[in-house]
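Only one structure is covered here, and it is reproduced in the block below.
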There are 4 protein chains.
Amino acid sequence: MRADVHRFILKEPSDVSGLREAMGKGIVDPGQIVAVIGKTHGNGLVNDYTRGFLTLCLSQLIGGQLGIPAERVAQRIPFVFSGGVEGVLSPHYAVFTVDPDAAVTGQEMSLAIGVAFTPEFGVSDIGGQRQIDLTAEAVEQAMANARIERPKDVHFVQVKGPAFTRGDMVAAAGAGLSAVTDHPGKLMGFGRAASALGVAKALGEISPGQAVASAVLRDFTAYSSVASASAGLEVRANEVIVAGLSSAWSGPLTIAHRRMQDALDIESVTDLARDLRLEAAPQVPAAQVRRIRAAFVKCEAQRDGTIRGRPHTMLDDGDIDQQRHIRAAVGAIVAAVLNDTALFVSGGAEHQGPDGGGIVAVIADKA
Amino acid sequence: MRADVHRFILKEPSDVSGLREAMGKGIVDPGQIVAVIGKTHGNGLVNDYTRGFLTLCLSQLIGGQLGIPAERVAQRIPFVFSGGVEGVLSPHYAVFTVDPDAAVTGQEMSLAIGVAFTPEFGVSDIGGQRQIDLTAEAVEQAMANARIERPKDVHFVQVKGPAFTRGDMVAAAGAGLSAVTDHPGKLMGFGRAASALGVAKALGEISPGQAVASAVLRDFTAYSSVASASAGLEVRANEVIVAGLSSAWSGPLTIAHRRMQDALDIESVTDLARDLRLEAAPQVPAAQVRRIRAAFVKCEAQRDGTIRGRPHTMLDDGDIDQQRHIRAAVGAIVAAVLNDTALFVSGGAEHQGPDGGGIVAVIADKA
Amino acid sequence: MRADVHRFILKEPSDVSGLREAMGKGIVDPGQIVAVIGKTHGNGLVNDYTRGFLTLCLSQLIGGQLGIPAERVAQRIPFVFSGGVEGVLSPHYAVFTVDPDAAVTGQEMSLAIGVAFTPEFGVSDIGGQRQIDLTAEAVEQAMANARIERPKDVHFVQVKGPAFTRGDMVAAAGAGLSAVTDHPGKLMGFGRAASALGVAKALGEISPGQAVASAVLRDFTAYSSVASASAGLEVRANEVIVAGLSSAWSGPLTIAHRRMQDALDIESVTDLARDLRLEAAPQVPAAQVRRIRAAFVKCEAQRDGTIRGRPHTMLDDGDIDQQRHIRAAVGAIVAAVLNDTALFVSGGAEHQGPDGGGIVAVIADKA
Amino acid sequence: MRADVHRFILKEPSDVSGLREAMGKGIVDPGQIVAVIGKTHGNGLVNDYTRGFLTLCLSQLIGGQLGIPAERVAQRIPFVFSGGVEGVLSPHYAVFTVDPDAAVTGQEMSLAIGVAFTPEFGVSDIGGQRQIDLTAEAVEQAMANARIERPKDVHFVQVKGPAFTRGDMVAAAGAGLSAVTDHPGKLMGFGRAASALGVAKALGEISPGQAVASAVLRDFTAYSSVASASAGLEVRANEVIVAGLSSAWSGPLTIAHRRMQDALDIESVTDLARDLRLEAAPQVPAAQVRRIRAAFVKCEAQRDGTIRGRPHTMLDDGDIDQQRHIRAAVGAIVAAVLNDTALFVSGGAEHQGPDGGGIVAVIADKA
């Protein structure tokens with residue numbers, strides 16, 4: 001097997017011209033697409049419809065190529081879109097492909113991709129044990145699909161789970177279903193948190209005793225260093241994409257990751273660049289930037305309202321959501337080091353890295 | 001003469017406890033205060049009243065110490081407050097003091113500070129030749145006050161000029177006065193632009209033929225690399241603070257600056273750190289951070305909607321003002337290098353550095 | 001001919017279930033659809049993609065029914081979507097149909113609908129004479145199509161014209177094209193203004209000497225009392241829908257309108273209700289509400305920053321755009337009288353009613 | 001005793017010129033001021049500092065007149081400022097005075113005002129039984145102070161209680177104190193809710209069994225029809241102002257109130273106008289408007305996401321807080337009826353009127 005990643009700029013949320021052209025030229029085989037991850041123009045909060053807009057346009061494009069209905073495409077391929085390209089960030093999407101017939105030497109590890117889905121979740125599942133456990137099972141399944149044998153070879157796990165509007169939540173309550181919160185935005189946080197604990201459980205980053213509903217949004221010492229969880233109205237199950245290294249795969253790509261200790265931890269980014277033999281001093285030079293094929297960042301505002309002892313204002317702001325603040329800030333730091341603005345930077349890093357920190361992962365051409 | 005800078009954290013816009021305590025302990029002599037520059041909690045746009053709130057509280061505090069009315073304090077000391085501490089930034093204010101009796105050896109250059117005010121400006125002056133020319137004169141006066149002889153020894157010029165509400169603008173129009181725009185936020189931009197061209201003119205950074213009203217917000221090749229201009233409802237004249245180096249001053253402080261070519265120009269920040277013998281690799285280590293006494297950044301969204309060839313969304317966003325986006329982004333990059341979040345980061349960098357770029361200046365203890 | 005209007009609630013911007021069901025039941029004949037007007041969930045500003053999302057979903061639905069490509073549907077049927085359902089307003093869309101074969105008695109006037117398109121406009125046309133004049137021609141054409149003979153029988157003219165992103169504007173400038181402003185949001189205002197003057201010109205509401213580019217956003221005594229102009233990225237021509245009364249049409253529907261003198265002019269709304277024999281005292285009773293088939297409101301913040309002598313803050317607000325403020329306010333007043341929240345309430349009423357005022361039009365079942 | 005109310009427009013949050021002038025002319029006796037209630041320019045959320053700014057300026061002004069320190073003024077006089085003047089609303093403040101020596105005939109009831117304070121509350125008190133019970137006691141005390149004998153003669157109870165920043169909450173947690181939520185904005189809601197239940201308990205609007213911590217933000221059938229609760233960083237105790245009618249008072253003023261059933265309940269407003277013999281048909285004519293001396297409105301977004309069966313979007317909006325939406329909407333409806341925009345309109349009506357509804361109270365000259 002051989003994995004590849006193609007990244008396309010998004011002029012507007014319905015702009016699928018990049019992939020259309022690449023398929024037209026034979027650069028991307030639509031039948032080999034296994035996942036799409038991207039950042040769209042919206043606010044990244046409950047009322048962000050740009051994620052669904054791009055999902056529709058891409059599934060129609062790919063379905064047209066494959067001769068299958070768009071709905072079936074979205075069932076088969078996880079489309080993980082996160083809204084919010086604050087500051088220097090640039091809207092884009094990365095298309096992951098797998099060639100199952102590529103020859104493998106077995107001597108060198110290469111980028112390996114695996115995908116799996118949980119069953120659907122309702123309002124009352126979000127943030128609970130069922131979401132933790134089924135996510136963990138899906139991660140294990142995706143690892144098996146990717147033929148990644150050791151948890152240490154997993155470098156990035158993207159989970160996209162369901163969000164619900166106030167209307168959905170009221171309907172659920174009317175049907176006698178309880179929810180951990182009555183606030184749609186907060187429910188997204190519970191979903192991301194439970195999903196991250198599920199990843200950490202599957203990879204052995206935390207003990208089974210920590211992977212429990214009572215730890216969700218409470219025990220922040222329990223976290224994954226490779227999980228990236230998002231939520232959106234446009235999905236109903238947790239969609240899991242595992243990226244790592246495996247000698248069962250061939251190809252030109254590799255992947256690495258680092259944990260960010262806090263929002264100012266620029267050294268984790270330069271270290272990661274060096275892990276990939278990119279000379280970040282502190283910025284990856286233009287000549288090497290083309291080796292970067294995709295990058296993923298999770299971040300969040302430190303919960304005690306400070307960073308390195310000084311107060312920040314992100315959690316008291318009634319005009320700009322904390323996620324938009326922190327994406328702008330950490331996204332810029334990573335962009336400045338990598339010399340690349342088409343980054344998947346996602347807020348809401350509950351249990352994804354330490355409190356106030358997060359993760360950064362990069363897929364690159366081998367040096 | 002000897003200049004000093006004391007920086008205090010601001011828990012809320014009326015929190016003057018830091019300076020009060022420092023004066024109580026004799027660390028700051030209220031009679032030696034020549035300027036205060038800071039970042040407050042508001043949005044940094046027209047309807048940001050946190051700047052005025054802090055101005056009132058500080059002028060009352062200092063006036064109480066000096067035994068003069070608060071109004072007279074604000075006439076004598078420029079209070080330059082910029083709203084908007086997005087992302088990792090921390091609200092704070094830096095108090096500049098001058099001891100006129102300090103001994104000077106004349107052998108080494110030290111931080112020199114000079115202050116001057118223009119006459120008051122009305123709505124119809126903003127963005128026009130009068131604002132350019134009077135600002136240039138005030139810069140020259142402030143340099144003379146600071147005994148800085150060569151323009152190349154000027155490293156930072158802060159100008160705070162007037163802003164006007166819609167009501168002010170309507171009143172002016174009713175009085176037969178014209179304005180360059182009918183939008184209060186846009187008028188702030190014209191004021192910053194004309195102020196910056198005034199600085200550039202005074203320092204010989206541009207030719208007199210470029211320092212004309214017709215260049216304002218049009219000829220972006222005309223800019224200053226040391227100007228930082230803000231606007232706010234709470235002032236009516238341009239208040240000018242010049243900071244540079246002079247052998248007529250003594251003391252432990254020095255200053256340096258760099259131009260940022262664009263929003264990703266992290267190397268200008270690490271270069272500046274090295275200019276000051278701070279080992280930024282890429283982050284200034286904790287042991288050296290205490291040498292940083294104050295830092296100033298201007299930045300703006302690149303006008304063509306791109307950064308290094310990829311689109312950004314800052315100029316099309318109807319929910320978050322472009323200034324809030326870019327402060328969050330560039331502020332985080334500088335904070336990550338300097339290991340310091342109490343930065344004066346101000347958007348609206350019209351003619352303050354190149355289009356899409358800006359400036360960064362740091363006052364530090366000598367190495 | 002016979003016109004009908006069907007209004008559907010929109011749970012999310014891609015929710016076309018209402019029309020799908022109505023077509024499935026034979027209530028709406030897809031071949032008879034001549035226009036769709038609605039309010040979507042976005043911010044109604046430049047970066048509102050919910051308008052385009054609904055346009056895509058509806059054109060695919062209707063195209064599927066008609067057996068033609070979605071792109072051809074959008075060329076044939078104007079989809080006029082305005083973002084922003086602030087406060088009590090409810091997202092929805094109204095589908096206008098025309099049965100060309102319906103019998104007409106010629107004795108009673110009924111709702112008449114006509115549609116026309118201008119040629120496409122580029123960045124440099126927006127706000128200029130060409131946009132005014134071609135819009136006027138399109139209004140005349142739409143009136144002729146609707147067989148409305150007298151301008152006084154026109155009660156509502158909806159125009160949807162193009163908006164452009166910063167990127168579009170930079171590209172145009174690069175091609176040597178000039179624009180009246182370099183701000184995408186402001187350009188939307190120029191486009192609405194010129195479109196409104198075009199309507200006023202066609203209907204004789206202003207003299208030809210007032211319908212000139214120099215009056216755009218300057219001479220606010222020049223306005224139309226029936227024009228409603230919007231702008232969006234998703235169109236490139238001005239799409240014109242004229243609604244009025246004509247004895248060449250039959251059917252159960254009628255239309256009336258009133259000019260709002262300012263944002264507090266609730267009496268214009270109760271008067272309008274009474275024009276339609278709805279007993280608004282002050283609220284239309286539940287039993288009569290079903291007679292309301294669609295309602296259209298334009299409104300804007302009074303330019304001098306006051307309402308009836310007291311200041312408002314809408315034009316100085318850096319956090320919420322003035323259009324969102326005024327839609328919430330005027331939309332609520334109209335909703336409270338009509339007892340109906342599925343209103344098309346659109347801000348940006350430049351030259352659409354007097355400064356600070358606007359228009360309100362209602363389509364209702366005849367009493 | 002005799003109560004009076006003077007309302008002043010606020011050009012900016014520090015504009016106390018209206019009261020200064022009125023005191024200068026002898027219209028307001030500073031020694032008779034018992035309370036000030038107003039609306040300021042900020043967002044009305046956690047990071048709204050305009051409330052504190054006006055509090056400082058007014059307490060300094062009044063303190064200067066009385067010859068006492070500003071801090072002592074704020075301890076003696078409740079300053080209840082609510083941020084957020086969305087849509088047509090106008091910033092202003094109403095000064096309540098009491099002349100204790102005025103003659104009373106005892107035949108006619110007149111406006112009566114009473115004030116009381118609870119002890120200070122910490123983070124862990126907010127939303128709990130202690131806040132409910134101490135607020136109830138303070139309401140009883142304020143009624144006694146006002147010599148209002150029957151609960152039915154109480155028409156308006158304003159409570160202003162503490163808010164806390166994230167920093168405060170972290171400090172409290174560090175000191176071992178628990179809180180009902182870890183979100184500063186949500187904590188404000190708990191505080192308003194508990195305060196309202198305290199009012200309802202004191203006035204017998206609910207049974208003691210309903211006035212319990214377990215009902216807070218849960219049992220929305222428990223509410224007061226006269227309570228108006230706000231929260232802000234600038235106070236530490238609940239400040240209670242009771243306004244009603246009493247024959248122990250004389251003077252020209254009266255007060256009335258109505259409960260709003262939902263956000264479209266315009267008839268409650270016209271009914272209230274008629275209670276006060278204002279001819280609202282539907283708008284109070286200009287000649288009668290001067291009789292309106294102050295007006296108070298509480299409102300909130302209906303929790304099930306609908307209004308009269310149709311969806312609203314206020315609770316899913318990540319860009320504009322629900323309180324800002326609903327204030328703009330309900331404020332406009334009340335302003336349109338009363339022909340008055342200087343209204344105290346406050347969101348966050350938890351247990352202040354029915355779910356989705358609220359209250360409206362008006363002080364007016366007797367007819």
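By convention in this document, the chains of the structure tokens carry letters A, B, ... by their order, each chain's residues are numbered from 1, and ligands are numbered from 1 in the order they are shown.
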Polymer residues at most 6 Å from Asp365 in chain C, only C-alpha atoms, same-chain spacing of 4 or more positions, as a PyMOL selection string: chain C and resi 252-253+291
Expected answer as a count of residues only: strand (DSSP E or B) residues in range 84-171 of chain B: 28
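Each of D:Gly44, D:Ala179, D:Lys152, D:Tyr49 was checked against Asp15 in chain B using only C-alpha atoms; the smallest atom-to-atom distance is that of D:Tyr49.
Distances here use only C-alpha atoms; by that measure, the residue among A:Val80, A:Ser110, A:Glu149, A:Arg166 closest to chain C is A:Arg166.
With only C-alpha atoms as the atoms that count, the residue of D:Val345, D:Val115, D:Ala144, D:Val88 with the shortest distance to Ala263 in chain C is D:Val88.
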Expected answer as a count of residues only: chain A residues within 9 Å of chain B, only C-alpha atoms: 51
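Of the residues under consideration (C:Arg7, C:Arg147, C:Lys366, C:Lys39), C:Arg147 shows the shortest atom-to-atom contact distance to Trp249 in chain C when counting only C-alpha atoms.
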Nearest residue to Ser224 in chain B from the set B:Ile241, B:Ile33, B:Ala172, B:Ala196 (distances using only C-alpha atoms): B:Ala196
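With only C-alpha atoms as the atoms that count, the residue of B:Thr105, B:Thr165, B:Gln75, B:Gln210 with the shortest distance to Gly251 in chain B is B:Thr105.
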